[in-house]
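To start, the structure under review is shown below, and the notes come after it.
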Amino acid sequence: MRKPLIAANWKMYKTPAESTAFTDAFLPLVASQKKTEIVLCPSMTSLAVTLAATKGTDVHIGAQTMHWLDNGAYTGETSPIMLNAIGATHVLIGHSERRQYFNETDETVNLKLKSALAHNLVPIVCVGEHKAERESGHTNDVLKQQITVGLQGIDPAAATSLVVAYEPVWAIGTGLTATPQIADDAHKFIRAQIAEVLSPAIAASTRILYGGSVKPDNAASLCCLENIDGALVGGASLDPTSFAQIIAASSI
Ligand code: PGA
């Protein structure tokens, strides 16, 4: 019932030429892949070339962030209207690096989520605890807060496209991965929170992705648990072969 989704988060990597080299190599590798929804989230300057390269394919293009307003005097920002205009379909919201380095909060996540839904962009809302929070037994408190505030005031009927990515901060770019059991437990908890804040029906249909050092050799063990509906992949998505291997491993 929930279509698996595997998304690439390229962060601040790849020029347009490098992005084109990626899609040239990658698209033939996933041409027959129908089971999984594939999304590439390049930097803003590579959105145009990746959109052109993927036109007519099943690969979707998303932004790594956006402002919640349609336009205004916000130097450096990109609006949902601009993303719509070029054909981007997805957007990452509240990635932990945005929270850590660019002061994003659960409140700005909420504003961005409402805006993305209003503009028909598929929002991928990122949540996850820091190492100290897990070690002190506060993981569920943190997830509850992020989901409750991040999703507050959302009309459940308008949230059918919602995607959540559970990315424990201690697992991002560190080579440390949550065990499948840790991930599945967190996903189950997140789904229960979504049921409370939105509705049980939306919770049941919301895709919850795992992110944090997903690689070709651990993708299969992380993809196929009851509550895990795909992956958000950073480092290993930069290489076309390794990203295609992750998709193949998750689509069995
Ligand atoms: P990673 O990054 O796969 O390099 O750990 C994941 C992410 O930050 O989305």
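Each chain in the structure tokens gets a letter, A, B and so on, in the order shown; residues start at 1 in every chain, and ligands are counted from 1 in the order they appear.
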Which residues of chain A have any atom within 7 Å of an atom in ligand 1 when counting only C-alpha atoms and all ligand atoms, and what is the closest pair of atoms for each, with the distance in Å to one decimal? Order the rows by chain and rising number and write it as CSV.
residue,atom,partner,partner_atom_place_in_ligand_line,distance
A:Asn9,CA,ligand 1,9 (O),5.5
A:Glu167,CA,ligand 1,9 (O),6.9
A:Ala171,CA,ligand 1,5 (O),5.9
A:Ile172,CA,ligand 1,5 (O),3.4
A:Gly173,CA,ligand 1,5 (O),3.6
A:Thr174,CA,ligand 1,5 (O),6.3
A:Gly175,CA,ligand 1,5 (O),6.9
A:Gly211,CA,ligand 1,6 (C),5.1
A:Gly212,CA,ligand 1,5 (O),3.7
A:Ser213,CA,ligand 1,5 (O),3.5
A:Val214,CA,ligand 1,3 (O),5.1
A:Leu232,CA,ligand 1,9 (O),5.2
A:Val233,CA,ligand 1,3 (O),4.2
A:Gly234,CA,ligand 1,2 (O),3.4
A:Gly235,CA,ligand 1,4 (O),3.8
A:Ala236,CA,ligand 1,3 (O),6.0
With C-alpha atoms retained, export the selected residues as a PDB file, in the first residue's frame.
ATOM      1  CA  ASN A   9      20.407  14.063  -0.787  1.00  0.00           C
ATOM      2  CA  GLU A 167      17.535  10.380  10.487  1.00  0.00           C
ATOM      3  CA  ALA A 171      24.184   8.120  12.089  1.00  0.00           C
ATOM      4  CA  ILE A 172      24.473  10.858   9.435  1.00  0.00           C
ATOM      5  CA  GLY A 173      27.779  10.784   7.572  1.00  0.00           C
ATOM      6  CA  THR A 174      29.417   8.865  10.417  1.00  0.00           C
ATOM      7  CA  GLY A 175      29.352   5.323   9.068  1.00  0.00           C
ATOM      8  CA  GLY A 211      18.430   7.955   6.741  1.00  0.00           C
ATOM      9  CA  GLY A 212      21.923   7.799   8.177  1.00  0.00           C
ATOM     10  CA  SER A 213      24.856   5.996   6.511  1.00  0.00           C
ATOM     11  CA  VAL A 214      22.673   3.895   4.225  1.00  0.00           C
ATOM     12  CA  LEU A 232      17.139   9.087   2.409  1.00  0.00           C
ATOM     13  CA  VAL A 233      20.710   8.624   1.261  1.00  0.00           C
ATOM     14  CA  GLY A 234      23.545  11.155   1.504  1.00  0.00           C
ATOM     15  CA  GLY A 235      27.120  10.075   0.808  1.00  0.00           C
ATOM     16  CA  ALA A 236      26.282   6.839  -0.995  1.00  0.00           C
TER      17      ALA A 236
END
Could you pull out the strand (DSSP E) residues of range 112-221 of chain A from DSSP and send them as number ranges by chain? A: 122-127, 163-166, 207-211
Find the residues around range 51-65 of chain A up to 6 Å (only C-alpha atoms counted), leave out those fewer than 4 positions away in its own chain, and share them as a ChimeraX atom specification. /A:38-41,47,88-93
Leaving out Trp68 in chain A and any residue of its chain fewer than 4 positions from it, which residues lie within 6 Å of it when counting only C-alpha atoms, given as a PyMOL selection string? chain A and resi 111-112+115
Saved selection, atoms kept: C-alpha atoms, as a PDB file, in the first residue's frame:
ATOM      1  CA  LEU A 111       5.639  26.746   8.158  1.00  0.00           C
ATOM      2  CA  LYS A 112       7.545  25.047   5.342  1.00  0.00           C
ATOM      3  CA  SER A 115       3.585  25.795   2.316  1.00  0.00           C
TER       4      SER A 115
END
With only C-alpha atoms as the counted atoms, please give the residues lying no more than 10 Å from range 151-157 of chain A, apart from itself and same-chain residues fewer than 5 positions off, as JSON, numbers by chain. {"A": [106, 107, 109, 110, 111, 113, 114, 117, 125, 145, 146, 162, 193, 194, 195, 197, 198, 199, 200, 201, 202, 203]}
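Shortest separation to Tyr210 in chain A among A:Ile228, A:Ile124, A:Ile86, A:Leu29 occurs at residue A:Ile228, atoms counted being only C-alpha atoms.
Around Ser96 in chain A, within 9 Å and counting only C-alpha atoms, the residues found are A:Gly94, A:Arg98, A:Arg99, A:Gln100, A:Tyr101, A:Glu104, A:Cys126, A:Val127, A:Gly128, A:Glu167, A:Pro168, A:Val169, A:Ile172, once anything fewer than 2 positions away on its own chain is removed.
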If we count only C-alpha atoms, what is near Pro28 in chain A at a cut-off of 12 Å, once residues fewer than 2 positions away on the same chain are taken out, given as a PyMOL selection string? chain A and resi 22-26+30-33+53-54+57-59+240-241+244
